[in-house]
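Reproduced below: my_file_4.tsv, with TSV, C-alpha atoms.
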chain	number	residue	atom	x	y	z
A	251	MET	CA	17.29	-22.02	47.44
A	252	GLN	CA	16.95	-18.29	48.02
A	253	VAL	CA	19.46	-15.87	46.51
A	254	LYS	CA	20.93	-13.55	49.10
A	255	PRO	CA	20.22	-9.82	48.60
A	256	VAL	CA	23.93	-9.01	48.17
A	257	ILE	CA	24.27	-11.58	45.40
A	258	MET	CA	21.16	-10.22	43.68
A	259	ILE	CA	22.61	-6.70	43.70
A	260	LEU	CA	25.88	-7.95	42.21
A	261	LEU	CA	23.97	-9.79	39.48
A	262	LEU	CA	21.99	-6.66	38.61
A	263	ILE	CA	25.19	-4.60	38.37
A	264	LEU	CA	26.71	-7.17	36.03
A	265	LEU	CA	23.59	-7.26	33.84
A	266	VAL	CA	23.42	-3.48	33.57
A	267	GLY	CA	27.09	-3.32	32.70
A	268	CYS	CA	26.56	-5.77	29.83
A	269	THR	CA	23.58	-3.91	28.34
A	270	PRO	CA	24.56	-2.49	24.91
A	271	LYS	CA	24.65	1.29	24.82
A	272	GLU	CA	22.88	3.23	22.08
A	273	ILE	CA	25.08	3.57	19.00
A	274	LYS	CA	25.90	7.16	18.17
A	275	GLU	CA	26.51	7.84	14.51
A	276	LEU	CA	29.59	9.89	13.74
A	277	LYS	CA	29.83	12.25	10.79
A	278	ALA	CA	31.16	10.48	7.71
A	279	ALA	CA	34.62	11.47	6.55
A	280	GLU	CA	34.70	12.92	3.05
A	281	VAL	CA	37.21	11.34	0.65
A	282	ARG	CA	39.51	13.95	-0.93
A	283	ASP	CA	41.86	11.66	-2.85
A	284	TYR	CA	40.79	8.65	-4.89
A	285	GLU	CA	43.27	6.35	-6.63
A	286	GLY	CA	45.77	9.19	-6.77
A	287	GLU	CA	43.34	11.77	-8.17
A	288	LYS	CA	42.63	14.88	-6.13
A	289	LEU	CA	38.97	15.55	-5.47
A	290	GLY	CA	37.07	18.71	-4.70
A	291	SER	CA	34.94	19.12	-1.59
A	292	LEU	CA	31.23	19.30	-0.83
A	293	GLY	CA	31.96	22.80	0.39
A	294	ASP	CA	33.26	23.90	-3.02
A	295	PHE	CA	29.75	24.13	-4.50
A	296	ARG	CA	27.73	27.33	-4.63
A	297	GLU	CA	24.06	27.43	-3.66
A	298	ASN	CA	22.12	28.59	-6.72
A	299	SER	CA	18.91	26.56	-6.65
A	300	ILE	CA	15.63	28.21	-7.66
A	301	LYS	CA	13.91	27.89	-4.26
A	302	GLY	CA	16.74	27.30	-1.83
A	303	VAL	CA	17.80	24.04	-0.19
A	304	GLN	CA	15.08	21.38	-0.20
A	305	HIS	CA	14.56	18.88	2.62
A	306	VAL	CA	12.95	15.67	1.40
A	307	ASP	CA	11.18	13.31	3.81
A	308	ILE	CA	12.84	10.03	2.92
A	309	ASP	CA	10.11	7.93	4.59
A	310	SER	CA	7.45	9.21	2.18
A	311	TYR	CA	9.81	9.73	-0.77
A	312	ARG	CA	9.02	8.02	-4.07
A	313	LEU	CA	10.84	8.18	-7.40
A	314	GLY	CA	8.27	7.95	-10.18
A	315	ILE	CA	8.97	6.55	-13.66
A	316	THR	CA	6.11	7.78	-15.83
A	317	GLY	CA	5.07	8.90	-19.31
A	318	LEU	CA	5.62	6.72	-22.36
A	319	VAL	CA	6.34	3.52	-20.43
A	320	GLU	CA	4.65	0.13	-20.38
A	321	GLU	CA	4.35	-0.05	-16.57
A	322	PRO	CA	4.77	3.15	-14.53
A	323	GLN	CA	6.92	2.65	-11.46
A	324	SER	CA	7.17	4.23	-8.02
A	325	PHE	CA	10.37	3.40	-6.13
A	326	THR	CA	11.29	4.03	-2.52
A	327	TYR	CA	14.77	5.29	-1.74
A	328	GLU	CA	15.86	1.81	-0.64
A	329	GLU	CA	14.45	0.24	-3.80
A	330	VAL	CA	16.45	2.64	-5.96
A	331	ILE	CA	19.77	1.99	-4.23
A	332	SER	CA	19.16	-1.77	-4.22
A	333	ASN	CA	20.02	-1.73	-7.93
A	334	GLN	CA	23.55	-2.33	-9.15
A	335	ARG	CA	25.60	0.63	-7.93
A	336	TYR	CA	28.44	2.34	-9.75
A	337	SER	CA	31.08	4.91	-8.86
A	338	LYS	CA	33.00	7.31	-11.08
A	339	ILE	CA	34.87	10.59	-10.88
A	340	VAL	CA	33.15	13.32	-12.86
A	341	ARG	CA	33.82	17.06	-12.84
A	342	ILE	CA	30.84	19.40	-12.79
A	343	TYR	CA	31.20	22.72	-14.64
A	344	CYS	CA	28.90	25.63	-13.86
A	345	VAL	CA	28.16	28.40	-16.37
A	346	GLU	CA	29.02	30.81	-13.53
A	347	GLY	CA	32.66	29.84	-14.01
A	348	TRP	CA	33.44	27.37	-11.22
A	349	ASP	CA	33.97	23.61	-11.33
A	350	VAL	CA	34.43	20.74	-8.85
A	351	ASN	CA	35.89	17.25	-9.31
A	352	ILE	CA	33.85	14.70	-7.32
A	353	LEU	CA	33.68	10.93	-6.80
A	354	TRP	CA	30.02	10.03	-7.35
A	355	GLU	CA	28.21	6.81	-6.46
A	356	GLY	CA	24.79	5.90	-7.79
A	357	VAL	CA	22.67	3.76	-10.09
A	358	LEU	CA	22.28	3.88	-13.85
A	359	VAL	CA	19.27	5.80	-15.13
A	360	ARG	CA	18.75	3.25	-17.88
A	361	ASP	CA	18.50	0.44	-15.31
A	362	LEU	CA	15.65	2.26	-13.59
A	363	ILE	CA	13.64	3.11	-16.69
A	364	SER	CA	14.12	-0.38	-18.12
A	365	LYS	CA	12.00	-1.68	-15.24
A	366	ALA	CA	9.11	0.40	-16.58
A	367	GLY	CA	9.53	-0.66	-20.21
A	368	VAL	CA	10.14	2.18	-22.65
A	369	MET	CA	7.55	2.64	-25.41
A	370	PRO	CA	8.93	2.83	-28.99
A	371	GLN	CA	7.72	6.40	-29.57
A	372	ALA	CA	9.67	7.79	-26.59
A	373	ASN	CA	12.63	9.95	-27.62
A	374	THR	CA	12.99	12.41	-24.74
A	375	ILE	CA	13.63	11.99	-21.01
A	376	ILE	CA	12.45	14.68	-18.58
A	377	PHE	CA	13.68	14.88	-14.99
A	378	HIS	CA	11.52	16.46	-12.30
A	379	ALA	CA	12.72	17.80	-8.94
A	380	TYR	CA	11.13	18.32	-5.54
A	381	ASP	CA	11.28	22.11	-5.94
A	382	GLY	CA	9.61	22.10	-9.37
A	383	TYR	CA	12.85	22.30	-11.37
A	384	THR	CA	12.94	20.30	-14.60
A	385	THR	CA	15.43	19.54	-17.35
A	386	SER	CA	15.42	17.18	-20.35
A	387	PHE	CA	17.72	15.20	-22.64
A	388	PRO	CA	17.42	13.10	-25.77
A	389	LEU	CA	16.56	9.60	-24.54
A	390	ASN	CA	19.65	8.09	-26.15
A	391	TYR	CA	21.83	10.25	-23.88
A	392	VAL	CA	20.93	8.03	-20.90
A	393	MET	CA	20.45	4.81	-22.86
A	394	ASP	CA	23.77	4.89	-24.71
A	395	ASN	CA	25.91	6.24	-21.83
A	396	GLU	CA	26.56	5.23	-18.23
A	397	ILE	CA	24.62	8.12	-16.71
A	398	ILE	CA	23.89	7.76	-13.01
A	399	ILE	CA	21.69	9.40	-10.43
A	400	ALA	CA	23.96	9.71	-7.42
A	401	TYR	CA	23.18	9.21	-3.75
A	402	LYS	CA	26.78	9.60	-2.55
A	403	MET	CA	29.58	12.04	-3.30
A	404	ASN	CA	33.16	11.61	-2.07
A	405	ASP	CA	31.92	8.51	-0.21
A	406	VAL	CA	29.36	10.34	1.94
A	407	THR	CA	25.59	10.49	1.49
A	408	ILE	CA	24.63	13.54	-0.55
A	409	PRO	CA	23.52	16.26	1.88
A	410	PRO	CA	20.28	18.23	1.35
A	411	GLU	CA	22.12	21.23	-0.09
A	412	ARG	CA	23.58	19.00	-2.81
A	413	GLY	CA	20.32	17.29	-3.74
A	414	PHE	CA	19.50	14.48	-1.30
A	415	PRO	CA	18.26	11.92	-2.06
A	416	PHE	CA	19.45	11.97	-5.69
A	417	GLN	CA	21.36	14.23	-8.07
A	418	LEU	CA	21.84	13.53	-11.76
A	419	VAL	CA	25.47	13.20	-12.82
A	420	ALA	CA	25.01	14.70	-16.28
A	421	GLU	CA	28.42	14.02	-17.78
A	422	ASP	CA	29.65	16.42	-20.46
A	423	LYS	CA	26.79	18.82	-19.64
A	424	TRP	CA	26.75	22.21	-17.95
A	425	GLY	CA	25.76	22.32	-14.28
A	426	TYR	CA	22.18	23.45	-14.92
A	427	LYS	CA	21.52	19.99	-16.39
A	428	TRP	CA	22.68	18.32	-13.13
A	429	ILE	CA	19.23	18.33	-11.55
A	430	LYS	CA	19.01	17.83	-7.76
A	431	TRP	CA	16.27	16.41	-5.49
A	432	ILE	CA	15.02	14.16	-8.28
A	433	THR	CA	11.44	12.94	-7.75
A	434	GLY	CA	10.37	11.93	-11.25
A	435	ILE	CA	11.69	10.58	-14.54
A	436	GLU	CA	9.26	11.04	-17.41
A	437	LEU	CA	9.54	9.48	-20.86
A	438	SER	CA	8.16	11.68	-23.64
A	439	ASN	CA	8.09	12.25	-27.39
A	440	ASN	CA	8.23	16.04	-26.99
A	441	THR	CA	11.62	17.00	-28.41
A	442	ASP	CA	10.71	20.67	-27.96
A	443	TYR	CA	10.40	20.40	-24.18
A	444	ARG	CA	12.30	23.13	-22.34
A	445	GLY	CA	13.17	22.87	-18.66
A	446	THR	CA	13.56	25.59	-16.05
A	447	TRP	CA	16.74	27.31	-17.25
A	448	GLU	CA	16.32	26.22	-20.85
A	449	SER	CA	13.04	28.16	-20.94
A	450	ALA	CA	15.04	31.21	-19.89
A	451	GLY	CA	17.34	30.89	-22.89
A	452	TYR	CA	20.02	28.38	-21.90
A	453	ASN	CA	20.90	25.82	-24.55
A	454	ASN	CA	18.60	22.81	-24.37
A	455	LEU	CA	21.36	20.26	-24.97
A	456	GLY	CA	23.63	21.89	-22.39
A	457	SER	CA	26.75	20.36	-23.94
A	458	LEU	CA	30.11	21.65	-22.66
A	459	GLU	CA	31.37	21.89	-26.24
A	460	GLY	CA	28.31	23.77	-27.49
A	461	PRO	CA	26.89	27.27	-26.92
A	462	LYS	CA	25.58	28.19	-23.47
A	463	PHE	CA	22.59	30.10	-24.82
A	464	GLU	CA	20.02	29.57	-27.55
A	465	ARG	CA	19.15	33.23	-27.81
A	466	GLY	CA	20.64	36.49	-26.63

Taking this structure as input, can you express it in the form of structure tokens?
Amino acid sequence: MQVKPVIMILLLILLVGCTPKEIKELKAAEVRDYEGEKLGSLGDFRENSIKGVQHVDIDSYRLGITGLVEEPQSFTYEEVISNQRYSKIVRIYCVEGWDVNILWEGVLVRDLISKAGVMPQANTIIFHAYDGYTTSFPLNYVMDNEIIIAYKMNDVTIPPERGFPFQLVAEDKWGYKWIKWITGIELSNNTDYRGTWESAGYNNLGSLEGPKFERG
């Protein structure tokens, strides 16, 4: 039995009308209040990176875990965030005099480095960034505390100007220890290592309760 042309046209119209349209992503809404606590905004930060905002190609991105480890690792972005995720409100304090209270979401640093197996002689952890920035901590700082590298802030994905894909949430440390655009985590036994700003005289521990500078 032949289908009449009019019926065929009607069928085509119905099929076209049922075809799903392309989904358009809307801009995520930033959370400004969490469990009754007021939060700062992504716009409250100042741009003070050493080489300007970095734009990381997430398709080729890898987070390396290297140095004094049993099995060096190289994680994709998706592999990193597939770990157990945590959220917490932490205020960042900059030595320039400003501060911002933010809800961060990320994964524990110690969970990532445990996959590589830490060698007994390791006592220092060095973070490397896409722009060449580095900073370090005693290894027990990340092993004994719930220190995360964050991929979200105020419930939105961290934008490039804030360190996409990952920023370290260095609790109880000055802002220069909160490294952005993290590409590498290196285990070392070099307790004398000095990162970018620490080499310029800022205190290596970067503790809020301690001195800002090591020398005048």

Could you list, as a list in words, every residue within 6 Å of stretch 396-401 of chain A, counting only C-alpha atoms and ignoring same-chain residues fewer than 5 positions away?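 Neighbouring residues, sequence-local ones excluded: Glu355, Gly356, Val357, Leu358, Val359, Thr407, Ile408, Pro415, Phe416, Gln417, Leu418 and Val419 of chain A.
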
Mind writing the picked residues with C-alpha atoms as a PDB file, in the coordinates of the input?
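Below you can see out_5.pdb, which holds the result:
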ATOM      1  CA  GLU A 355      28.210   6.810  -6.460  1.00  0.00           C
ATOM      2  CA  GLY A 356      24.790   5.900  -7.790  1.00  0.00           C
ATOM      3  CA  VAL A 357      22.670   3.760 -10.090  1.00  0.00           C
ATOM      4  CA  LEU A 358      22.280   3.880 -13.850  1.00  0.00           C
ATOM      5  CA  VAL A 359      19.270   5.800 -15.130  1.00  0.00           C
ATOM      6  CA  THR A 407      25.590  10.490   1.490  1.00  0.00           C
ATOM      7  CA  ILE A 408      24.630  13.540  -0.550  1.00  0.00           C
ATOM      8  CA  PRO A 415      18.260  11.920  -2.060  1.00  0.00           C
ATOM      9  CA  PHE A 416      19.450  11.970  -5.690  1.00  0.00           C
ATOM     10  CA  GLN A 417      21.360  14.230  -8.070  1.00  0.00           C
ATOM     11  CA  LEU A 418      21.840  13.530 -11.760  1.00  0.00           C
ATOM     12  CA  VAL A 419      25.470  13.200 -12.820  1.00  0.00           C
TER      13      VAL A 419
END

Identify, on the basis of all atoms listed in the file, every residue whose closest approach to stretch 456-463 of chain A does not exceed 6 Å; exclude the query and any residue fewer than 6 positions from it along the same chain; express the result as an mmCIF file with C-alpha atoms, in the coordinates of the input.
data_model
loop_
_atom_site.group_PDB
_atom_site.id
_atom_site.type_symbol
_atom_site.label_atom_id
_atom_site.label_comp_id
_atom_site.auth_asym_id
_atom_site.auth_seq_id
_atom_site.Cartn_x
_atom_site.Cartn_y
_atom_site.Cartn_z
ATOM 1 C CA ASP A 422 29.650 16.420 -20.460
ATOM 2 C CA LYS A 423 26.790 18.820 -19.640
ATOM 3 C CA TRP A 424 26.750 22.210 -17.950
#

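Atom CA of A:Leu389 sits 9.5 Å away from atom CA of A:Arg360.
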
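Closest approach to A:Ser332 among A:Met403, A:Leu289, A:Leu362, A:Ala379: A:Leu362, based on all atoms listed in the file.
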
Once you count only C-alpha atoms, what closest atom pair and distance in Å to one decimal does each residue of stretch 333-370 of chain A within 12 Å of stretch 428-447 of chain A have, with rows by chain and rising residue number, as a Markdown table?
| residue | atom | partner | partner_atom | distance |
| --- | --- | --- | --- | --- |
| A:Val340 | CA | A:Trp428 | CA | 11.6 |
| A:Arg341 | CA | A:Trp428 | CA | 11.2 |
| A:Ile342 | CA | A:Trp428 | CA | 8.2 |
| A:Tyr343 | CA | A:Trp428 | CA | 9.7 |
| A:Cys344 | CA | A:Trp428 | CA | 9.6 |
| A:Val345 | CA | A:Trp447 | CA | 11.5 |
| A:Val359 | CA | A:Ile435 | CA | 9.0 |
| A:Arg360 | CA | A:Ile435 | CA | 10.7 |
| A:Leu362 | CA | A:Ile435 | CA | 9.3 |
| A:Ile363 | CA | A:Ile435 | CA | 8.0 |
| A:Ser364 | CA | A:Leu437 | CA | 11.2 |
| A:Ala366 | CA | A:Leu437 | CA | 10.0 |
| A:Gly367 | CA | A:Leu437 | CA | 10.2 |
| A:Val368 | CA | A:Leu437 | CA | 7.5 |
| A:Met369 | CA | A:Leu437 | CA | 8.5 |
| A:Pro370 | CA | A:Asn439 | CA | 9.6 |

To one decimal place, how far is atom CA of A:Gln304 from atom CA of A:Ser337 in Å?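 These two atoms are separated by 24.5 Å.
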
Find the axis-aligned box for stretch 287-297 of chain A, covering all its listed atoms and adding 4 Å on each side, and write its centre and edge lengths in Å to one decimal as JSON.
{"center_x": 33.7, "center_y": 19.6, "center_z": -3.9, "size_x": 27.3, "size_y": 23.7, "size_z": 16.6}

When you count all atoms listed in the file, which of these residues is closest to A:Arg412: A:Leu353, A:Ala372, A:Leu292, A:Val330?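 Closest to A:Arg412, using all atoms listed in the file: A:Leu292.
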
Would you compute the distance between atom CA of A:Tyr426 and atom CA of A:Ile339? Give it in Å to one decimal. 18.5 Å

Contacts of A:Val306 at 9 Å or less, counting all atoms listed in the file, minus same-chain residues fewer than 4 places along, as number ranges by chain? A: 310-311, 380, 410, 414-415, 431

Just checking: using all atoms listed in the file, which residue out of A:Ser291, A:Leu455, A:Gly413, A:Ser449 ends up closest to A:Val350?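 Result for the nearest residue to A:Val350: A:Ser291.
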
Radius query 7 Å about (18.9, 27.5, -28.5), atoms used: only C-alpha atoms, as a PyMOL selection string: chain A and resi 451-454+463-465

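In terms of minimum interatomic distance to A:Val281, A:Ile352 ranks closest within A:Asn333, A:Ile352, A:Gln371, A:Glu421, counting all atoms listed in the file.
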